[in-house]
>>> print(open('target25.pdb').read())   # PDB, C-alpha atoms, pLDDT in the B column
ATOM      1  CA  MET A   1     -45.019   9.707  -0.391  1.00 34.00           C
ATOM      2  CA  SER A   2     -45.128  10.904   3.228  1.00 37.00           C
ATOM      3  CA  ALA A   3     -42.130  10.725   5.555  1.00 40.00           C
ATOM      4  CA  ASP A   4     -43.614   7.854   7.583  1.00 41.00           C
ATOM      5  CA  GLN A   5     -44.260   5.860   4.415  1.00 39.00           C
ATOM      6  CA  LYS A   6     -40.600   6.200   3.471  1.00 43.00           C
ATOM      7  CA  THR A   7     -39.191   4.774   6.711  1.00 44.00           C
ATOM      8  CA  SER A   8     -39.325   1.046   7.138  1.00 46.00           C
ATOM      9  CA  SER A   9     -39.113  -1.540   9.868  1.00 59.00           C
ATOM     10  CA  ASP A  10     -36.635  -3.331   7.581  1.00 85.00           C
ATOM     11  CA  PRO A  11     -34.016  -0.644   6.980  1.00 93.00           C
ATOM     12  CA  ALA A  12     -30.985  -1.027   4.751  1.00 93.00           C
ATOM     13  CA  ILE A  13     -27.597   0.607   4.507  1.00 95.00           C
ATOM     14  CA  HIS A  14     -26.566   1.252   0.929  1.00 95.00           C
ATOM     15  CA  LEU A  15     -22.865   1.537   0.037  1.00 94.00           C
ATOM     16  CA  ILE A  16     -22.206   3.496  -3.147  1.00 95.00           C
ATOM     17  CA  CYS A  17     -19.006   2.443  -4.926  1.00 93.00           C
ATOM     18  CA  GLY A  18     -17.285   3.689  -8.035  1.00 92.00           C
ATOM     19  CA  SER A  19     -14.175   5.559  -9.031  1.00 92.00           C
ATOM     20  CA  THR A  20     -13.838   9.325  -9.404  1.00 92.00           C
ATOM     21  CA  GLY A  21     -16.421  10.763 -11.798  1.00 92.00           C
ATOM     22  CA  ALA A  22     -18.596   7.638 -11.920  1.00 93.00           C
ATOM     23  CA  GLY A  23     -21.654   9.597 -10.788  1.00 92.00           C
ATOM     24  CA  LYS A  24     -21.779   8.396  -7.184  1.00 92.00           C
ATOM     25  CA  SER A  25     -23.113  11.639  -5.700  1.00 92.00           C
ATOM     26  CA  THR A  26     -25.816  12.081  -8.326  1.00 91.00           C
ATOM     27  CA  TYR A  27     -26.818   8.428  -8.056  1.00 94.00           C
ATOM     28  CA  ALA A  28     -26.833   8.448  -4.239  1.00 95.00           C
ATOM     29  CA  LYS A  29     -28.960  11.595  -3.996  1.00 93.00           C
ATOM     30  CA  MET A  30     -31.498  10.247  -6.456  1.00 94.00           C
ATOM     31  CA  LEU A  31     -31.564   6.875  -4.693  1.00 95.00           C
ATOM     32  CA  GLY A  32     -32.106   8.629  -1.373  1.00 95.00           C
ATOM     33  CA  ASN A  33     -35.063  10.514  -2.768  1.00 94.00           C
ATOM     34  CA  ASP A  34     -36.479   7.355  -4.353  1.00 94.00           C
ATOM     35  CA  ILE A  35     -36.333   5.233  -1.201  1.00 94.00           C
ATOM     36  CA  GLY A  36     -36.494   7.869   1.527  1.00 95.00           C
ATOM     37  CA  ALA A  37     -33.024   7.226   2.925  1.00 97.00           C
ATOM     38  CA  ILE A  38     -30.582   9.578   4.646  1.00 97.00           C
ATOM     39  CA  TYR A  39     -27.586  10.375   2.411  1.00 96.00           C
ATOM     40  CA  PHE A  40     -24.071  10.668   3.865  1.00 97.00           C
ATOM     41  CA  SER A  41     -21.233  11.916   1.647  1.00 94.00           C
ATOM     42  CA  ILE A  42     -17.586  11.859   2.675  1.00 93.00           C
ATOM     43  CA  ASP A  43     -16.962  14.798   0.319  1.00 89.00           C
ATOM     44  CA  ASP A  44     -19.661  16.869   2.048  1.00 91.00           C
ATOM     45  CA  TRP A  45     -18.312  16.099   5.508  1.00 92.00           C
ATOM     46  CA  MET A  46     -14.669  16.678   4.569  1.00 89.00           C
ATOM     47  CA  THR A  47     -15.278  19.991   2.796  1.00 86.00           C
ATOM     48  CA  SER A  48     -17.590  21.245   5.549  1.00 89.00           C
ATOM     49  CA  LEU A  49     -15.484  20.169   8.518  1.00 91.00           C
ATOM     50  CA  PHE A  50     -11.933  20.423   7.188  1.00 87.00           C
ATOM     51  CA  GLY A  51     -12.008  22.310   3.866  1.00 80.00           C
ATOM     52  CA  PRO A  52     -11.194  25.665   5.483  1.00 77.00           C
ATOM     53  CA  ASP A  53      -8.125  24.081   7.137  1.00 79.00           C
ATOM     54  CA  LEU A  54      -6.734  22.450   3.997  1.00 72.00           C
ATOM     55  CA  ASP A  55      -3.683  24.106   2.527  1.00 71.00           C
ATOM     56  CA  ASN A  56      -2.445  23.687  -1.030  1.00 67.00           C
ATOM     57  CA  SER A  57      -0.027  20.873  -0.147  1.00 66.00           C
ATOM     58  CA  MET A  58      -2.753  18.194  -0.364  1.00 66.00           C
ATOM     59  CA  ASP A  59      -1.044  16.175   2.381  1.00 80.00           C
ATOM     60  CA  TRP A  60      -2.557  12.719   1.929  1.00 80.00           C
ATOM     61  CA  GLN A  61      -1.843  11.610   5.514  1.00 88.00           C
ATOM     62  CA  TRP A  62      -3.590  14.709   6.922  1.00 85.00           C
ATOM     63  CA  ILE A  63      -6.577  14.154   4.618  1.00 82.00           C
ATOM     64  CA  SER A  64      -6.871  10.395   5.198  1.00 87.00           C
ATOM     65  CA  GLU A  65      -6.745  10.726   9.017  1.00 92.00           C
ATOM     66  CA  ARG A  66      -9.702  13.095   8.918  1.00 90.00           C
ATOM     67  CA  ALA A  67     -11.555  11.092   6.291  1.00 90.00           C
ATOM     68  CA  LEU A  68     -11.303   7.981   8.478  1.00 93.00           C
ATOM     69  CA  ARG A  69     -12.754   9.880  11.437  1.00 94.00           C
ATOM     70  CA  CYS A  70     -15.650  11.130   9.315  1.00 95.00           C
ATOM     71  CA  GLU A  71     -16.209   7.670   7.867  1.00 94.00           C
ATOM     72  CA  SER A  72     -16.318   6.096  11.319  1.00 94.00           C
ATOM     73  CA  GLN A  73     -18.888   8.616  12.535  1.00 96.00           C
ATOM     74  CA  MET A  74     -20.978   8.277   9.369  1.00 96.00           C
ATOM     75  CA  ILE A  75     -21.080   4.484   9.739  1.00 95.00           C
ATOM     76  CA  ALA A  76     -21.988   4.740  13.437  1.00 94.00           C
ATOM     77  CA  THR A  77     -24.770   7.191  12.608  1.00 96.00           C
ATOM     78  CA  ALA A  78     -26.103   5.016   9.766  1.00 95.00           C
ATOM     79  CA  CYS A  79     -26.150   2.007  12.100  1.00 94.00           C
ATOM     80  CA  ALA A  80     -27.969   4.003  14.786  1.00 94.00           C
ATOM     81  CA  LEU A  81     -30.520   5.106  12.206  1.00 95.00           C
ATOM     82  CA  ALA A  82     -31.001   1.490  11.107  1.00 94.00           C
ATOM     83  CA  GLU A  83     -31.824   0.558  14.705  1.00 92.00           C
ATOM     84  CA  VAL A  84     -34.799   2.940  14.568  1.00 94.00           C
ATOM     85  CA  GLY A  85     -35.918   1.826  11.114  1.00 94.00           C
ATOM     86  CA  VAL A  86     -34.312   4.454   8.884  1.00 95.00           C
ATOM     87  CA  SER A  87     -32.276   3.507   5.811  1.00 96.00           C
ATOM     88  CA  SER A  88     -29.029   5.281   4.933  1.00 96.00           C
ATOM     89  CA  ILE A  89     -26.820   5.735   1.918  1.00 97.00           C
ATOM     90  CA  LEU A  90     -23.061   5.915   2.469  1.00 96.00           C
ATOM     91  CA  GLU A  91     -20.886   7.446  -0.205  1.00 95.00           C
ATOM     92  CA  ILE A  92     -17.532   7.167   1.543  1.00 93.00           C
ATOM     93  CA  GLY A  93     -15.054   6.270  -1.162  1.00 83.00           C
ATOM     94  CA  LEU A  94     -14.651   2.510  -0.868  1.00 91.00           C
ATOM     95  CA  GLN A  95     -12.044   2.414  -3.614  1.00 89.00           C
ATOM     96  CA  GLN A  96     -10.603  -0.957  -2.617  1.00 92.00           C
ATOM     97  CA  ALA A  97     -12.142  -4.395  -2.072  1.00 93.00           C
ATOM     98  CA  ASN A  98     -10.609  -4.854   1.391  1.00 92.00           C
ATOM     99  CA  LYS A  99     -12.076  -1.530   2.534  1.00 92.00           C
ATOM    100  CA  ARG A 100     -15.519  -2.480   1.210  1.00 91.00           C
ATOM    101  CA  ALA A 101     -15.304  -5.801   3.085  1.00 91.00           C
ATOM    102  CA  GLU A 102     -14.187  -4.021   6.273  1.00 91.00           C
ATOM    103  CA  VAL A 103     -17.100  -1.563   6.127  1.00 91.00           C
ATOM    104  CA  ALA A 104     -19.561  -4.379   5.379  1.00 89.00           C
ATOM    105  CA  SER A 105     -18.274  -6.311   8.390  1.00 88.00           C
ATOM    106  CA  THR A 106     -18.533  -3.247  10.642  1.00 88.00           C
ATOM    107  CA  VAL A 107     -22.089  -2.521   9.482  1.00 86.00           C
ATOM    108  CA  ALA A 108     -23.103  -6.162  10.026  1.00 82.00           C
ATOM    109  CA  GLU A 109     -21.592  -6.127  13.520  1.00 82.00           C
ATOM    110  CA  LYS A 110     -23.101  -2.811  14.590  1.00 85.00           C
ATOM    111  CA  SER A 111     -26.542  -2.966  13.010  1.00 84.00           C
ATOM    112  CA  GLY A 112     -27.261  -6.374  11.527  1.00 81.00           C
ATOM    113  CA  CYS A 113     -29.443  -4.658   8.940  1.00 87.00           C
ATOM    114  CA  THR A 114     -29.548  -5.388   5.215  1.00 88.00           C
ATOM    115  CA  LEU A 115     -26.494  -4.080   3.389  1.00 91.00           C
ATOM    116  CA  LEU A 116     -26.715  -3.348  -0.324  1.00 91.00           C
ATOM    117  CA  THR A 117     -23.679  -2.361  -2.362  1.00 91.00           C
ATOM    118  CA  HIS A 118     -24.220  -0.319  -5.522  1.00 93.00           C
ATOM    119  CA  PHE A 119     -21.373  -0.444  -8.040  1.00 91.00           C
ATOM    120  CA  LEU A 120     -21.200   2.261 -10.697  1.00 92.00           C
ATOM    121  CA  ASP A 121     -19.136   0.981 -13.594  1.00 88.00           C
ATOM    122  CA  VAL A 122     -18.132   3.783 -15.967  1.00 91.00           C
ATOM    123  CA  ASP A 123     -15.003   3.734 -18.142  1.00 91.00           C
ATOM    124  CA  ALA A 124     -12.111   6.032 -17.207  1.00 93.00           C
ATOM    125  CA  GLU A 125     -12.317   8.232 -20.308  1.00 95.00           C
ATOM    126  CA  GLU A 126     -15.973   9.070 -19.639  1.00 94.00           C
ATOM    127  CA  ARG A 127     -15.294   9.656 -15.945  1.00 94.00           C
ATOM    128  CA  TRP A 128     -12.444  12.082 -16.721  1.00 96.00           C
ATOM    129  CA  ARG A 129     -14.736  13.935 -19.140  1.00 95.00           C
ATOM    130  CA  ARG A 130     -17.354  14.237 -16.368  1.00 95.00           C
ATOM    131  CA  VAL A 131     -14.747  15.481 -13.889  1.00 93.00           C
ATOM    132  CA  GLN A 132     -13.597  18.175 -16.304  1.00 94.00           C
ATOM    133  CA  GLN A 133     -17.209  19.214 -16.880  1.00 94.00           C
ATOM    134  CA  ARG A 134     -17.860  19.317 -13.116  1.00 92.00           C
ATOM    135  CA  ASN A 135     -14.682  21.398 -12.605  1.00 91.00           C
ATOM    136  CA  THR A 136     -15.903  23.885 -15.227  1.00 92.00           C
ATOM    137  CA  GLU A 137     -19.579  24.066 -14.268  1.00 92.00           C
ATOM    138  CA  LYS A 138     -19.091  23.930 -10.474  1.00 89.00           C
ATOM    139  CA  GLY A 139     -22.633  22.592 -10.086  1.00 85.00           C
ATOM    140  CA  GLU A 140     -24.413  20.824  -7.255  1.00 82.00           C
ATOM    141  CA  THR A 141     -21.908  17.955  -6.856  1.00 81.00           C
ATOM    142  CA  PHE A 142     -18.783  20.160  -7.111  1.00 83.00           C
ATOM    143  CA  LYS A 143     -16.770  20.182  -3.865  1.00 79.00           C
ATOM    144  CA  LEU A 144     -13.246  20.921  -5.046  1.00 78.00           C
ATOM    145  CA  GLU A 145     -11.374  20.988  -8.315  1.00 85.00           C
ATOM    146  CA  VAL A 146     -10.149  17.531  -9.229  1.00 90.00           C
ATOM    147  CA  THR A 147      -6.951  17.848 -11.252  1.00 89.00           C
ATOM    148  CA  ARG A 148      -5.665  15.149 -13.557  1.00 93.00           C
ATOM    149  CA  ASP A 149      -3.071  14.234 -10.887  1.00 90.00           C
ATOM    150  CA  ILE A 150      -5.786  13.757  -8.255  1.00 87.00           C
ATOM    151  CA  PHE A 151      -7.910  11.783 -10.729  1.00 91.00           C
ATOM    152  CA  ASP A 152      -4.952   9.539 -11.600  1.00 93.00           C
ATOM    153  CA  PHE A 153      -4.092   9.079  -7.893  1.00 89.00           C
ATOM    154  CA  PHE A 154      -7.572   7.743  -7.128  1.00 89.00           C
ATOM    155  CA  GLU A 155      -7.691   5.828 -10.393  1.00 92.00           C
ATOM    156  CA  ALA A 156      -4.592   3.881  -9.331  1.00 93.00           C
ATOM    157  CA  MET A 157      -6.341   2.998  -6.050  1.00 90.00           C
ATOM    158  CA  TRP A 158      -9.658   1.894  -7.596  1.00 92.00           C
ATOM    159  CA  GLU A 159     -10.378  -1.837  -7.580  1.00 93.00           C
ATOM    160  CA  SER A 160     -13.371  -2.950  -9.603  1.00 89.00           C
ATOM    161  CA  PRO A 161     -15.337  -5.625  -7.779  1.00 89.00           C
ATOM    162  CA  SER A 162     -14.315  -9.175  -8.600  1.00 88.00           C
ATOM    163  CA  GLU A 163     -16.873 -11.906  -9.208  1.00 87.00           C
ATOM    164  CA  SER A 164     -16.186 -13.321  -5.741  1.00 87.00           C
ATOM    165  CA  GLU A 165     -16.739  -9.899  -4.166  1.00 87.00           C
ATOM    166  CA  LEU A 166     -20.006  -9.509  -6.046  1.00 84.00           C
ATOM    167  CA  LEU A 167     -21.090 -12.922  -4.798  1.00 82.00           C
ATOM    168  CA  SER A 168     -20.264 -12.002  -1.200  1.00 82.00           C
ATOM    169  CA  PHE A 169     -22.528  -8.917  -1.208  1.00 78.00           C
ATOM    170  CA  LYS A 170     -26.143  -8.228  -1.941  1.00 78.00           C
ATOM    171  CA  HIS A 171     -25.388  -5.801  -4.713  1.00 68.00           C
ATOM    172  CA  VAL A 172     -26.772  -3.669  -7.463  1.00 66.00           C
ATOM    173  CA  LYS A 173     -24.629  -3.085 -10.538  1.00 60.00           C
ATOM    174  CA  ALA A 174     -25.723   0.456 -11.201  1.00 59.00           C
ATOM    175  CA  ASN A 175     -24.623   1.511 -14.654  1.00 52.00           C
ATOM    176  CA  LYS A 176     -27.474   3.987 -14.945  1.00 48.00           C
ATOM    177  CA  GLU A 177     -28.975   6.571 -12.660  1.00 48.00           C
ATOM    178  CA  PRO A 178     -32.151   5.589 -10.819  1.00 44.00           C
ATOM    179  CA  LYS A 179     -35.401   6.587 -12.450  1.00 43.00           C
ATOM    180  CA  ARG A 180     -36.952   9.787 -11.146  1.00 35.00           C
TER
END
>>> encode(input="target25.pdb", output="structure tokens")
Amino acid sequence: MSADQKTSSDPAIHLICGSTGAGKSTYAKMLGNDIGAIYFSIDDWMTSLFGPDLDNSMDWQWISERALRCESQMIATACALAEVGVSSILEIGLQQANKRAEVASTVAEKSGCTLLTHFLDVDAEERWRRVQQRNTEKGETFKLEVTRDIFDFFEAMWESPSESELLSFKHVKANKEPKR
């Protein structure tokens, strides 16, 4: 498929949601290749822009301030791309329902394009196994070592989508990776 066949006059912004180790990065990259969309990852931006500045304290306030700045710029860029007919994929955390609703509202306001939310639903035991494997292998999706404490921190934040949330979004319940 050529580049101009992949862009569309009806672009979409895809939000990728799932807890730590659900396979969001792998899924998002494959989806991007399948549909010809630009992929934005909060982990990529944070490690590239701020990783060298991060000390071992893991100060959540310091991290979250910078993550919010990256997220804001990623959303603005995705909306600008939508205006010229290019779809985007945002993998920006979205651990909580209110945050997903806020991002959806912002995207609707700024771009008015189709918004699709992809939920990856993988049980915690399997996700922790994947995280340990990623920590060991340090493969393509490895950005930093996720300890059990970090995993548990994000696990406590994660809110699976409710039925009403699913009804409010155009969504894809993505339990499997897209076909290659």
>>> residues_around(input="target25.pdb", residues="range 96-110 of chain A", least_positions_apart="6", cutoff="10 Å", atoms="all atoms listed in the file", output="ChimeraX atom specification")
/A:13,15-19,71-72,75-76,78-80,82-83,116-117,157-162,165,168-169
>>> closest_residue(input="target25.pdb", among="A:Tyr39, A:Asp55, A:Cys113, A:Thr147", to="Val84 in chain A", atoms="only C-alpha atoms")
A:Cys113
>>> residues_around(input="target25.pdb", residues="Lys143 in chain A", least_positions_apart="5", cutoff="9 Å", atoms="all atoms listed in the file", output="list in words")
Asp43, Asp44, Thr47 and Lys138 of chain A
>>> closest_residue(input="target25.pdb", among="A:Lys29, A:Arg130, A:Arg69, A:Lys170", to="Ser88 in chain A", atoms="only C-alpha atoms")
A:Lys29
>>> resolve_selection(input="target25.pdb", expression="the PyMOL selection byres ((chain A and resi 51) around 12)", output="VMD selection string")
chain A and resid 42 to 50 52 to 56 58 62 to 63 66 to 67 143 to 144
>>> resolve_selection(input="target25.pdb", expression="the PyMOL selection byres ((chain A and resi 23) around 9)", output="ChimeraX atom specification")
/A:18-22,24-28,120,122,127,130,177
>>> atom_distance(input="target25.pdb", atom1="CA of Ala37 in chain A", atom2="CA of Leu68 in chain A")
22.4 Å
>>> closest_residue(input="target25.pdb", among="A:Asp59, A:Asp34, A:Asp152, A:Glu145", to="Ile89 in chain A", atoms="all atoms listed in the file")
A:Asp34
>>> decode(input="target25.pdb", residues="range 27-47 of chain A", atoms="N, CA and C atoms", output="PDB file, in the first residue's frame")
ATOM      1  N   TYR A  27       0.506  -3.560  20.179  1.00  0.00           N
ATOM      2  CA  TYR A  27      -0.771  -3.409  19.479  1.00  0.00           C
ATOM      3  C   TYR A  27      -0.793  -2.117  18.669  1.00  0.00           C
ATOM      4  N   ALA A  28      -0.398  -1.003  19.290  1.00  0.00           N
ATOM      5  CA  ALA A  28      -0.454   0.296  18.623  1.00  0.00           C
ATOM      6  C   ALA A  28       0.447   0.347  17.405  1.00  0.00           C
ATOM      7  N   LYS A  29       1.652  -0.200  17.504  1.00  0.00           N
ATOM      8  CA  LYS A  29       2.568  -0.208  16.365  1.00  0.00           C
ATOM      9  C   LYS A  29       2.011  -1.035  15.218  1.00  0.00           C
ATOM     10  N   MET A  30       1.459  -2.183  15.535  1.00  0.00           N
ATOM     11  CA  MET A  30       0.881  -3.027  14.489  1.00  0.00           C
ATOM     12  C   MET A  30      -0.342  -2.356  13.868  1.00  0.00           C
ATOM     13  N   LEU A  31      -1.178  -1.739  14.690  1.00  0.00           N
ATOM     14  CA  LEU A  31      -2.341  -1.026  14.179  1.00  0.00           C
ATOM     15  C   LEU A  31      -1.902   0.107  13.257  1.00  0.00           C
ATOM     16  N   GLY A  32      -0.892   0.840  13.668  1.00  0.00           N
ATOM     17  CA  GLY A  32      -0.369   1.929  12.846  1.00  0.00           C
ATOM     18  C   GLY A  32       0.088   1.455  11.482  1.00  0.00           C
ATOM     19  N   ASN A  33       0.784   0.342  11.472  1.00  0.00           N
ATOM     20  CA  ASN A  33       1.220  -0.235  10.192  1.00  0.00           C
ATOM     21  C   ASN A  33       0.034  -0.686   9.357  1.00  0.00           C
ATOM     22  N   ASP A  34      -0.957  -1.280  10.006  1.00  0.00           N
ATOM     23  CA  ASP A  34      -2.133  -1.799   9.294  1.00  0.00           C
ATOM     24  C   ASP A  34      -2.959  -0.696   8.644  1.00  0.00           C
ATOM     25  N   ILE A  35      -3.097   0.437   9.336  1.00  0.00           N
ATOM     26  CA  ILE A  35      -3.991   1.487   8.830  1.00  0.00           C
ATOM     27  C   ILE A  35      -3.257   2.729   8.324  1.00  0.00           C
ATOM     28  N   GLY A  36      -1.931   2.726   8.435  1.00  0.00           N
ATOM     29  CA  GLY A  36      -1.164   3.870   7.962  1.00  0.00           C
ATOM     30  C   GLY A  36      -1.317   5.106   8.820  1.00  0.00           C
ATOM     31  N   ALA A  37      -1.326   4.921  10.129  1.00  0.00           N
ATOM     32  CA  ALA A  37      -1.485   6.035  11.063  1.00  0.00           C
ATOM     33  C   ALA A  37      -0.157   6.353  11.747  1.00  0.00           C
ATOM     34  N   ILE A  38      -0.044   7.586  12.213  1.00  0.00           N
ATOM     35  CA  ILE A  38       1.138   8.025  12.965  1.00  0.00           C
ATOM     36  C   ILE A  38       0.952   7.592  14.423  1.00  0.00           C
ATOM     37  N   TYR A  39       1.984   6.967  14.985  1.00  0.00           N
ATOM     38  CA  TYR A  39       1.938   6.428  16.344  1.00  0.00           C
ATOM     39  C   TYR A  39       2.670   7.363  17.302  1.00  0.00           C
ATOM     40  N   PHE A  40       1.983   7.743  18.377  1.00  0.00           N
ATOM     41  CA  PHE A  40       2.555   8.574  19.437  1.00  0.00           C
ATOM     42  C   PHE A  40       2.530   7.786  20.741  1.00  0.00           C
ATOM     43  N   SER A  41       3.676   7.665  21.385  1.00  0.00           N
ATOM     44  CA  SER A  41       3.795   6.918  22.639  1.00  0.00           C
ATOM     45  C   SER A  41       4.326   7.830  23.736  1.00  0.00           C
ATOM     46  N   ILE A  42       3.589   7.911  24.832  1.00  0.00           N
ATOM     47  CA  ILE A  42       4.040   8.710  25.969  1.00  0.00           C
ATOM     48  C   ILE A  42       5.366   8.180  26.509  1.00  0.00           C
ATOM     49  N   ASP A  43       5.554   6.869  26.491  1.00  0.00           N
ATOM     50  CA  ASP A  43       6.818   6.292  26.973  1.00  0.00           C
ATOM     51  C   ASP A  43       7.990   6.743  26.100  1.00  0.00           C
ATOM     52  N   ASP A  44       7.784   6.758  24.773  1.00  0.00           N
ATOM     53  CA  ASP A  44       8.850   7.205  23.875  1.00  0.00           C
ATOM     54  C   ASP A  44       9.203   8.664  24.147  1.00  0.00           C
ATOM     55  N   TRP A  45       8.184   9.503  24.241  1.00  0.00           N
ATOM     56  CA  TRP A  45       8.436  10.929  24.460  1.00  0.00           C
ATOM     57  C   TRP A  45       9.107  11.170  25.812  1.00  0.00           C
ATOM     58  N   MET A  46       8.603  10.525  26.845  1.00  0.00           N
ATOM     59  CA  MET A  46       9.159  10.751  28.193  1.00  0.00           C
ATOM     60  C   MET A  46      10.604  10.273  28.289  1.00  0.00           C
ATOM     61  N   THR A  47      10.902   9.087  27.743  1.00  0.00           N
ATOM     62  CA  THR A  47      12.280   8.599  27.851  1.00  0.00           C
ATOM     63  C   THR A  47      13.224   9.433  26.990  1.00  0.00           C
TER      64      THR A  47
END
